[in-house]
>>> print(open('protein_34.csv').read())   # CSV, N, CA and C atoms
chain,number,residue,atom,x,y,z
A,1461,MET,N,94.9,83.7,73.0
A,1461,MET,CA,95.9,84.7,73.4
A,1461,MET,C,95.5,86.0,72.7
A,1462,GLY,N,95.8,87.1,73.3
A,1462,GLY,CA,95.5,88.4,72.7
A,1462,GLY,C,96.3,88.6,71.5
A,1463,THR,N,96.1,89.8,70.8
A,1463,THR,CA,96.8,90.1,69.6
A,1463,THR,C,98.3,90.2,70.0
A,1464,ASP,N,99.2,90.1,69.0
A,1464,ASP,CA,100.6,90.2,69.3
A,1464,ASP,C,101.0,91.5,69.8
A,1465,THR,N,100.3,92.6,69.3
A,1465,THR,CA,100.6,93.9,69.8
A,1465,THR,C,100.2,94.1,71.2
A,1466,ASP,N,99.1,93.6,71.6
A,1466,ASP,CA,98.6,93.7,73.0
A,1466,ASP,C,99.5,92.9,73.9
A,1467,VAL,N,99.9,91.7,73.6
A,1467,VAL,CA,100.8,90.9,74.4
A,1467,VAL,C,102.2,91.6,74.5
A,1468,ALA,N,102.7,92.1,73.4
A,1468,ALA,CA,104.0,92.8,73.4
A,1468,ALA,C,103.9,94.0,74.4
A,1469,LEU,N,102.9,94.8,74.3
A,1469,LEU,CA,102.8,96.0,75.2
A,1469,LEU,C,102.7,95.5,76.6
A,1470,TRP,N,101.9,94.5,76.9
A,1470,TRP,CA,101.7,94.0,78.3
A,1470,TRP,C,103.1,93.5,78.8
A,1471,LYS,N,103.8,92.8,78.0
A,1471,LYS,CA,105.1,92.3,78.5
A,1471,LYS,C,106.0,93.4,78.7
A,1472,TRP,N,106.0,94.5,77.8
A,1472,TRP,CA,106.9,95.6,78.0
A,1472,TRP,C,106.5,96.3,79.3
A,1473,LEU,N,105.3,96.5,79.6
A,1473,LEU,CA,104.8,97.2,80.9
A,1473,LEU,C,105.2,96.3,82.1
A,1474,VAL,N,105.0,95.0,82.0
A,1474,VAL,CA,105.4,94.2,83.1
A,1474,VAL,C,106.9,94.3,83.4
A,1475,ARG,N,107.7,94.2,82.3
A,1475,ARG,CA,109.2,94.3,82.5
A,1475,ARG,C,109.5,95.7,83.0
A,1476,ALA,N,108.9,96.7,82.6
A,1476,ALA,CA,109.1,98.1,83.1
A,1476,ALA,C,108.9,98.2,84.6
A,1477,LEU,N,107.7,97.6,85.0
A,1477,LEU,CA,107.4,97.5,86.5
A,1477,LEU,C,108.5,96.8,87.2
A,1478,GLY,N,108.9,95.6,86.6
A,1478,GLY,CA,110.0,94.8,87.2
A,1478,GLY,C,111.3,95.6,87.3
A,1479,LEU,N,111.6,96.4,86.3
A,1479,LEU,CA,112.8,97.2,86.3
A,1479,LEU,C,112.8,98.3,87.4
A,1480,VAL,N,111.6,98.9,87.5
A,1480,VAL,CA,111.4,99.9,88.6
A,1480,VAL,C,111.6,99.3,90.0
A,1481,LEU,N,111.0,98.2,90.2
A,1481,LEU,CA,111.1,97.5,91.5
A,1481,LEU,C,112.5,97.1,91.8
A,1482,LEU,N,113.2,96.6,90.7
A,1482,LEU,CA,114.6,96.2,90.9
A,1482,LEU,C,115.5,97.4,91.2
A,1483,ALA,N,115.3,98.5,90.5
A,1483,ALA,CA,116.1,99.7,90.8
A,1483,ALA,C,115.8,100.3,92.1
A,1484,LEU,N,114.5,100.3,92.5
A,1484,LEU,CA,114.1,100.8,93.8
A,1484,LEU,C,114.8,99.9,94.9
A,1485,GLY,N,114.7,98.6,94.7
A,1485,GLY,CA,115.3,97.7,95.7
A,1485,GLY,C,116.8,97.9,95.9
A,1486,VAL,N,117.5,98.0,94.8
A,1486,VAL,CA,118.9,98.2,94.9
A,1486,VAL,C,119.2,99.6,95.6
A,1487,ALA,N,118.5,100.6,95.2
A,1487,ALA,CA,118.7,101.9,95.8
A,1487,ALA,C,118.5,101.8,97.4
A,1488,ILE,N,117.4,101.1,97.8
A,1488,ILE,CA,117.1,101.0,99.2
A,1488,ILE,C,118.2,100.2,99.9
A,1489,LEU,N,118.7,99.1,99.2
A,1489,LEU,CA,119.8,98.3,99.8
A,1489,LEU,C,121.0,99.2,100.1
A,1490,LEU,N,121.3,100.1,99.1
A,1490,LEU,CA,122.5,100.9,99.3
A,1490,LEU,C,122.2,102.1,100.3
A,1491,TRP,N,121.0,102.7,100.2
A,1491,TRP,CA,120.7,103.8,101.0
A,1491,TRP,C,119.4,103.6,101.7
A,1492,PRO,N,119.3,102.8,102.8
A,1492,PRO,CA,118.0,102.4,103.4
A,1492,PRO,C,117.2,103.6,103.9
A,1493,ASP,N,117.9,104.7,104.2
A,1493,ASP,CA,117.2,105.9,104.8
A,1493,ASP,C,116.3,106.5,103.7
A,1494,LEU,N,116.6,106.2,102.4
A,1494,LEU,CA,115.7,106.7,101.4
A,1494,LEU,C,114.3,106.1,101.5
A,1495,ALA,N,114.2,104.9,102.0
A,1495,ALA,CA,112.9,104.3,102.1
A,1495,ALA,C,112.0,104.6,103.3
A,1496,ALA,N,112.7,105.1,104.3
A,1496,ALA,CA,112.0,105.4,105.6
A,1496,ALA,C,110.7,106.3,105.3
A,1497,PRO,N,110.9,107.4,104.6
A,1497,PRO,CA,109.7,108.2,104.3
A,1497,PRO,C,108.5,107.5,103.6
A,1498,LEU,N,108.9,106.5,102.8
A,1498,LEU,CA,107.9,105.8,102.0
A,1498,LEU,C,107.0,105.0,103.0
A,1499,PHE,N,107.4,104.8,104.2
A,1499,PHE,CA,106.6,104.0,105.2
A,1499,PHE,C,106.3,104.9,106.4
A,1500,ALA,N,106.3,106.2,106.2
A,1500,ALA,CA,106.0,107.1,107.3
A,1500,ALA,C,106.9,106.9,108.5
A,1501,ALA,N,108.1,106.5,108.3
A,1501,ALA,CA,109.0,106.2,109.4
A,1501,ALA,C,110.2,107.2,109.3
A,1502,THR,N,110.9,107.3,110.4
A,1502,THR,CA,112.1,108.2,110.4
A,1502,THR,C,113.3,107.4,110.2
A,1503,PRO,N,114.3,108.0,109.4
A,1503,PRO,CA,115.6,107.2,109.2
A,1503,PRO,C,116.2,106.9,110.6
A,1504,SER,N,116.7,105.7,110.7
A,1504,SER,CA,117.4,105.4,112.0
A,1504,SER,C,118.4,104.3,111.8
A,1505,GLN,N,118.9,103.8,112.8
A,1505,GLN,CA,119.9,102.7,112.8
A,1505,GLN,C,119.3,101.4,113.2
A,1506,GLY,N,120.0,100.3,113.2
A,1506,GLY,CA,119.6,99.1,113.7
A,1506,GLY,C,118.5,98.3,113.0
A,1507,SER,N,117.5,97.9,113.8
A,1507,SER,CA,116.5,97.0,113.3
A,1507,SER,C,115.7,97.6,112.2
A,1508,GLU,N,115.4,98.9,112.3
A,1508,GLU,CA,114.6,99.6,111.2
A,1508,GLU,C,115.3,99.5,109.9
A,1509,ARG,N,116.6,99.7,109.9
A,1509,ARG,CA,117.4,99.6,108.7
A,1509,ARG,C,117.4,98.2,108.1
A,1510,THR,N,117.4,97.2,109.0
A,1510,THR,CA,117.4,95.8,108.6
A,1510,THR,C,116.0,95.6,108.0
A,1511,TYR,N,115.0,96.1,108.5
A,1511,TYR,CA,113.6,95.9,108.0
A,1511,TYR,C,113.5,96.5,106.6
A,1512,LEU,N,114.1,97.7,106.5
A,1512,LEU,CA,114.0,98.4,105.2
A,1512,LEU,C,114.8,97.6,104.1
A,1513,ARG,N,115.9,97.1,104.5
A,1513,ARG,CA,116.7,96.3,103.6
A,1513,ARG,C,116.0,95.0,103.2
A,1514,ALA,N,115.2,94.4,104.1
A,1514,ALA,CA,114.4,93.2,103.8
A,1514,ALA,C,113.4,93.6,102.8
A,1515,ILE,N,112.8,94.8,102.9
A,1515,ILE,CA,111.8,95.2,101.9
A,1515,ILE,C,112.5,95.4,100.6
A,1516,ALA,N,113.7,95.9,100.6
A,1516,ALA,CA,114.5,96.1,99.4
A,1516,ALA,C,114.8,94.8,98.7
A,1517,LEU,N,115.1,93.8,99.4
A,1517,LEU,CA,115.4,92.4,98.8
A,1517,LEU,C,114.1,91.9,98.2
A,1518,ARG,N,113.0,92.1,98.9
A,1518,ARG,CA,111.7,91.7,98.4
A,1518,ARG,C,111.4,92.4,97.0
A,1519,ASP,N,111.7,93.7,96.9
A,1519,ASP,CA,111.5,94.4,95.7
A,1519,ASP,C,112.4,93.9,94.6
A,1520,VAL,N,113.7,93.6,94.9
A,1520,VAL,CA,114.6,93.1,94.0
A,1520,VAL,C,114.2,91.7,93.4
A,1521,ALA,N,113.7,90.8,94.3
A,1521,ALA,CA,113.3,89.5,93.9
A,1521,ALA,C,112.0,89.6,93.0
A,1522,ILE,N,111.1,90.4,93.4
A,1522,ILE,CA,109.9,90.5,92.6
A,1522,ILE,C,110.2,91.2,91.2
A,1523,GLY,N,111.1,92.2,91.3
A,1523,GLY,CA,111.5,92.9,90.0
A,1523,GLY,C,112.1,91.9,89.1
A,1524,LEU,N,113.0,91.1,89.6
A,1524,LEU,CA,113.7,90.1,88.7
A,1524,LEU,C,112.6,89.1,88.1
A,1525,TRP,N,111.7,88.6,89.0
A,1525,TRP,CA,110.7,87.7,88.5
A,1525,TRP,C,109.9,88.3,87.4
A,1526,LEU,N,109.4,89.5,87.6
A,1526,LEU,CA,108.6,90.1,86.6
A,1526,LEU,C,109.3,90.3,85.3
A,1527,MET,N,110.6,90.7,85.4
A,1527,MET,CA,111.4,90.8,84.1
A,1527,MET,C,111.6,89.5,83.4
A,1528,VAL,N,111.7,88.4,84.1
A,1528,VAL,CA,111.9,87.1,83.5
A,1528,VAL,C,110.5,86.4,83.2
A,1529,GLY,N,109.6,86.6,84.2
A,1529,GLY,CA,108.3,85.9,84.1
A,1529,GLY,C,107.6,86.2,82.8
A,1530,ALA,N,107.6,87.5,82.4
A,1530,ALA,CA,106.9,87.9,81.2
A,1530,ALA,C,107.3,87.2,80.0
A,1531,ALA,N,108.6,86.8,79.9
A,1531,ALA,CA,109.1,86.0,78.8
A,1531,ALA,C,108.7,84.5,78.9
A,1532,ILE,N,108.4,84.1,80.1
A,1532,ILE,CA,108.1,82.6,80.2
A,1532,ILE,C,106.6,82.4,80.0
A,1533,SER,N,105.7,83.1,80.7
A,1533,SER,CA,104.3,82.8,80.6
A,1533,SER,C,103.4,84.0,81.0
A,1534,VAL,N,102.6,84.4,80.1
A,1534,VAL,CA,101.6,85.5,80.4
A,1534,VAL,C,100.7,85.1,81.5
A,1535,ARG,N,100.2,83.9,81.5
A,1535,ARG,CA,99.3,83.4,82.5
A,1535,ARG,C,99.9,83.3,83.9
A,1536,ALA,N,101.1,82.7,84.0
A,1536,ALA,CA,101.8,82.6,85.2
A,1536,ALA,C,102.2,84.0,85.8
A,1537,THR,N,102.6,84.8,85.0
A,1537,THR,CA,103.0,86.2,85.4
A,1537,THR,C,101.8,87.0,85.9
A,1538,ALA,N,100.6,86.8,85.2
A,1538,ALA,CA,99.4,87.5,85.6
A,1538,ALA,C,99.0,87.0,87.0
A,1539,VAL,N,99.1,85.7,87.2
A,1539,VAL,CA,98.7,85.1,88.5
A,1539,VAL,C,99.7,85.7,89.6
A,1540,SER,N,101.0,85.7,89.2
A,1540,SER,CA,102.0,86.2,90.2
A,1540,SER,C,101.7,87.7,90.5
A,1541,LEU,N,101.3,88.5,89.5
A,1541,LEU,CA,101.0,89.9,89.8
A,1541,LEU,C,99.8,90.0,90.7
A,1542,ALA,N,98.8,89.2,90.6
A,1542,ALA,CA,97.6,89.2,91.5
A,1542,ALA,C,98.1,88.9,92.9
A,1543,ALA,N,99.0,88.0,93.1
A,1543,ALA,CA,99.5,87.6,94.4
A,1543,ALA,C,100.3,88.8,94.9
A,1544,VAL,N,101.1,89.3,94.1
A,1544,VAL,CA,102.0,90.4,94.5
A,1544,VAL,C,101.3,91.7,94.9
A,1545,ALA,N,100.0,91.8,94.4
A,1545,ALA,CA,99.2,93.0,94.8
A,1545,ALA,C,99.0,93.0,96.3
A,1546,VAL,N,99.1,91.9,97.0
A,1546,VAL,CA,99.0,91.9,98.4
A,1546,VAL,C,100.1,92.8,99.1
A,1547,ILE,N,101.2,92.9,98.5
A,1547,ILE,CA,102.3,93.7,99.0
A,1547,ILE,C,102.0,95.2,99.1
A,1548,PRO,N,101.6,95.8,98.0
A,1548,PRO,CA,101.3,97.3,98.2
A,1548,PRO,C,100.1,97.5,99.0
A,1549,PHE,N,99.2,96.5,99.0
A,1549,PHE,CA,98.0,96.7,99.9
A,1549,PHE,C,98.5,96.7,101.4
A,1550,GLY,N,99.4,95.7,101.7
A,1550,GLY,CA,99.9,95.6,103.1
A,1550,GLY,C,100.7,96.9,103.4
A,1551,ASP,N,101.5,97.4,102.4
A,1551,ASP,CA,102.3,98.6,102.6
A,1551,ASP,C,101.4,99.8,103.0
A,1552,LEU,N,100.2,99.8,102.3
A,1552,LEU,CA,99.3,100.9,102.6
A,1552,LEU,C,98.8,100.8,104.0
A,1553,LEU,N,98.5,99.6,104.5
A,1553,LEU,CA,98.1,99.4,105.8
A,1553,LEU,C,99.2,99.9,106.8
A,1554,LEU,N,100.4,99.5,106.5
A,1554,LEU,CA,101.5,99.9,107.4
A,1554,LEU,C,101.6,101.5,107.5
A,1555,VAL,N,101.5,102.1,106.3
A,1555,VAL,CA,101.6,103.6,106.3
A,1555,VAL,C,100.4,104.2,107.0
A,1556,ALA,N,99.2,103.6,106.9
A,1556,ALA,CA,98.1,104.1,107.6
A,1556,ALA,C,98.3,104.0,109.1
A,1557,LEU,N,98.8,102.8,109.5
A,1557,LEU,CA,99.1,102.6,111.0
A,1557,LEU,C,100.1,103.6,111.5
A,1558,ASN,N,101.0,104.1,110.6
A,1558,ASN,CA,102.0,105.1,111.0
A,1558,ASN,C,101.5,106.5,110.8
A,1559,HIS,N,100.3,106.7,110.4
A,1559,HIS,CA,99.7,108.0,110.2
A,1559,HIS,C,100.4,108.8,109.1
A,1560,GLY,N,100.7,108.1,108.0
A,1560,GLY,CA,101.4,108.7,106.8
A,1560,GLY,C,100.5,109.7,106.1
A,1561,SER,N,101.2,110.7,105.5
A,1561,SER,CA,100.5,111.7,104.7
A,1561,SER,C,100.0,111.1,103.3
A,1562,PHE,N,99.2,111.9,102.6
A,1562,PHE,CA,98.8,111.5,101.3
A,1562,PHE,C,99.9,111.2,100.4
A,1563,ILE,N,100.9,112.1,100.4
A,1563,ILE,CA,102.1,111.9,99.5
A,1563,ILE,C,102.8,110.6,99.8
A,1564,VAL,N,102.8,110.1,101.0
A,1564,VAL,CA,103.4,108.8,101.4
A,1564,VAL,C,102.5,107.7,100.9
A,1565,PHE,N,101.2,107.8,100.8
A,1565,PHE,CA,100.3,106.8,100.3
A,1565,PHE,C,100.4,106.6,98.8
A,1566,LEU,N,100.7,107.7,98.1
A,1566,LEU,CA,100.7,107.7,96.7
A,1566,LEU,C,101.5,106.6,96.0
A,1567,PRO,N,102.8,106.4,96.3
A,1567,PRO,CA,103.5,105.3,95.6
A,1567,PRO,C,102.9,103.9,95.8
A,1568,HIS,N,102.3,103.7,97.0
A,1568,HIS,CA,101.8,102.4,97.3
A,1568,HIS,C,100.4,102.2,96.5
A,1569,VAL,N,99.7,103.3,96.4
A,1569,VAL,CA,98.4,103.3,95.6
A,1569,VAL,C,98.7,103.0,94.1
A,1570,VAL,N,99.7,103.7,93.6
A,1570,VAL,CA,100.1,103.5,92.2
A,1570,VAL,C,100.6,102.1,92.0
A,1571,SER,N,101.4,101.6,92.9
A,1571,SER,CA,101.9,100.2,92.8
A,1571,SER,C,100.7,99.2,92.8
A,1572,LEU,N,99.7,99.4,93.7
A,1572,LEU,CA,98.6,98.5,93.8
A,1572,LEU,C,97.8,98.6,92.5
A,1573,ILE,N,97.5,99.7,92.0
A,1573,ILE,CA,96.8,99.9,90.8
A,1573,ILE,C,97.5,99.2,89.6
A,1574,ALA,N,98.8,99.4,89.5
A,1574,ALA,CA,99.6,98.9,88.4
A,1574,ALA,C,99.6,97.3,88.5
A,1575,THR,N,99.9,96.8,89.7
A,1575,THR,CA,99.9,95.3,89.8
A,1575,THR,C,98.5,94.7,89.5
A,1576,LEU,N,97.5,95.2,90.0
A,1576,LEU,CA,96.2,94.7,89.8
A,1576,LEU,C,95.7,94.9,88.3
A,1577,GLY,N,96.0,96.0,87.8
A,1577,GLY,CA,95.7,96.3,86.4
A,1577,GLY,C,96.4,95.4,85.4
A,1578,LEU,N,97.7,95.2,85.6
A,1578,LEU,CA,98.5,94.3,84.8
A,1578,LEU,C,98.0,92.8,85.0
A,1579,ALA,N,97.7,92.5,86.2
A,1579,ALA,CA,97.2,91.1,86.5
A,1579,ALA,C,95.9,90.8,85.7
A,1580,LEU,N,95.0,91.8,85.8
A,1580,LEU,CA,93.7,91.6,85.1
A,1580,LEU,C,93.9,91.6,83.6
A,1581,TRP,N,94.7,92.5,83.1
A,1581,TRP,CA,94.9,92.5,81.7
A,1581,TRP,C,95.6,91.3,81.2
A,1582,GLY,N,96.6,90.8,81.9
A,1582,GLY,CA,97.3,89.6,81.6
A,1582,GLY,C,96.4,88.3,81.6
A,1583,ARG,N,95.5,88.3,82.6
A,1583,ARG,CA,94.5,87.2,82.6
A,1583,ARG,C,93.7,87.2,81.4
A,1584,ARG,N,93.2,88.4,81.0
A,1584,ARG,CA,92.4,88.5,79.8
A,1584,ARG,C,93.1,88.1,78.5
A,1585,LEU,N,94.4,88.5,78.4
A,1585,LEU,CA,95.2,88.2,77.3
A,1585,LEU,C,95.4,86.6,77.2
A,1586,ALA,N,95.7,86.0,78.4
A,1586,ALA,CA,95.9,84.6,78.4
A,1586,ALA,C,94.7,83.8,78.1
A,1587,GLU,N,93.5,84.3,78.3
A,1587,GLU,CA,92.3,83.6,78.0
A,1587,GLU,C,91.9,83.6,76.5
A,1588,ARG,N,92.4,84.6,75.8
A,1588,ARG,CA,92.0,84.7,74.4
A,1588,ARG,C,92.7,83.6,73.5
>>> encode(input="protein_34.csv", output="structure tokens")
Amino acid sequence: MGTDTDVALWKWLVRALGLVLLALGVAILLWPDLAAPLFAATPSQGSERTYLRAIALRDVAIGLWLMVGAAISVRATAVSLAAVAVIPFGDLLLVALNHGSFIVFLPHVVSLIATLGLALWGRRLAER
């Protein structure tokens, strides 16, 4: 396992990512129109709002897991982060299909980099 300082910093960053996802998910549940621009969509009623709320629940669940998972196991959380990286990658594809602008791509790129970076770092920490 990595040094205590490295592991503590990694856990803090994973929990911070989890908190950001949790807060974002709650905000989108309450105000789904906030999320529409993140997916190069226009705010609307009906099924699109339902879809946005489904995305919000996904973010809430992942956020909660990351906040708890870091306390349970570095290795398991690192593997989870690697799997979770599929989500921002898929979101990037959705935005591309909707012809989103660079500013719309940015949060998904940051999310992809963060999840993959923390997954790789966690894997390295777990192997020491």
>>> atom_distance(input="protein_34.csv", atom1="CA of Gly1478 in chain A", atom2="CA of Leu1541 in chain A")
10.6 Å
>>> closest_residue(input="protein_34.csv", among="A:Phe1499, A:Phe1549, A:Trp1581, A:Trp1491", to="Ser1561 in chain A", atoms="only N, CA and C atoms")
A:Phe1499
>>> residues_around(input="protein_34.csv", residues="Ala1579 in chain A", least_positions_apart="6", cutoff="8 Å", atoms="all atoms listed in the file", output="PyMOL selection string")
chain A and resi 1537-1543+1573+1585
>>> write_last_selection(input="protein_34.csv", atoms="N, CA and C atoms", output="tab-separated table (two decimals), keeping the file's coordinate frame")
chain	number	residue	atom	x	y	z
A	1537	THR	N	102.60	84.80	85.00
A	1537	THR	CA	103.00	86.20	85.40
A	1537	THR	C	101.80	87.00	85.90
A	1538	ALA	N	100.60	86.80	85.20
A	1538	ALA	CA	99.40	87.50	85.60
A	1538	ALA	C	99.00	87.00	87.00
A	1539	VAL	N	99.10	85.70	87.20
A	1539	VAL	CA	98.70	85.10	88.50
A	1539	VAL	C	99.70	85.70	89.60
A	1540	SER	N	101.00	85.70	89.20
A	1540	SER	CA	102.00	86.20	90.20
A	1540	SER	C	101.70	87.70	90.50
A	1541	LEU	N	101.30	88.50	89.50
A	1541	LEU	CA	101.00	89.90	89.80
A	1541	LEU	C	99.80	90.00	90.70
A	1542	ALA	N	98.80	89.20	90.60
A	1542	ALA	CA	97.60	89.20	91.50
A	1542	ALA	C	98.10	88.90	92.90
A	1543	ALA	N	99.00	88.00	93.10
A	1543	ALA	CA	99.50	87.60	94.40
A	1543	ALA	C	100.30	88.80	94.90
A	1573	ILE	N	97.50	99.70	92.00
A	1573	ILE	CA	96.80	99.90	90.80
A	1573	ILE	C	97.50	99.20	89.60
A	1585	LEU	N	94.40	88.50	78.40
A	1585	LEU	CA	95.20	88.20	77.30
A	1585	LEU	C	95.40	86.60	77.20
>>> residues_around(input="protein_34.csv", residues="range 1516-1528 of chain A", least_positions_apart="6", cutoff="5 Å", atoms="only N, CA and C atoms", output="PyMOL selection string")
chain A and resi 1475+1478+1481-1482+1485
>>> atom_distance(input="protein_34.csv", atom1="atom C of His1568 in chain A", atom2="atom N of Gly1550 in chain A")
8.4 Å
>>> closest_residue(input="protein_34.csv", among="A:Ala1586, A:Val1546, A:Leu1498, A:Ala1536", to="Val1564 in chain A", atoms="all atoms listed in the file")
A:Leu1498
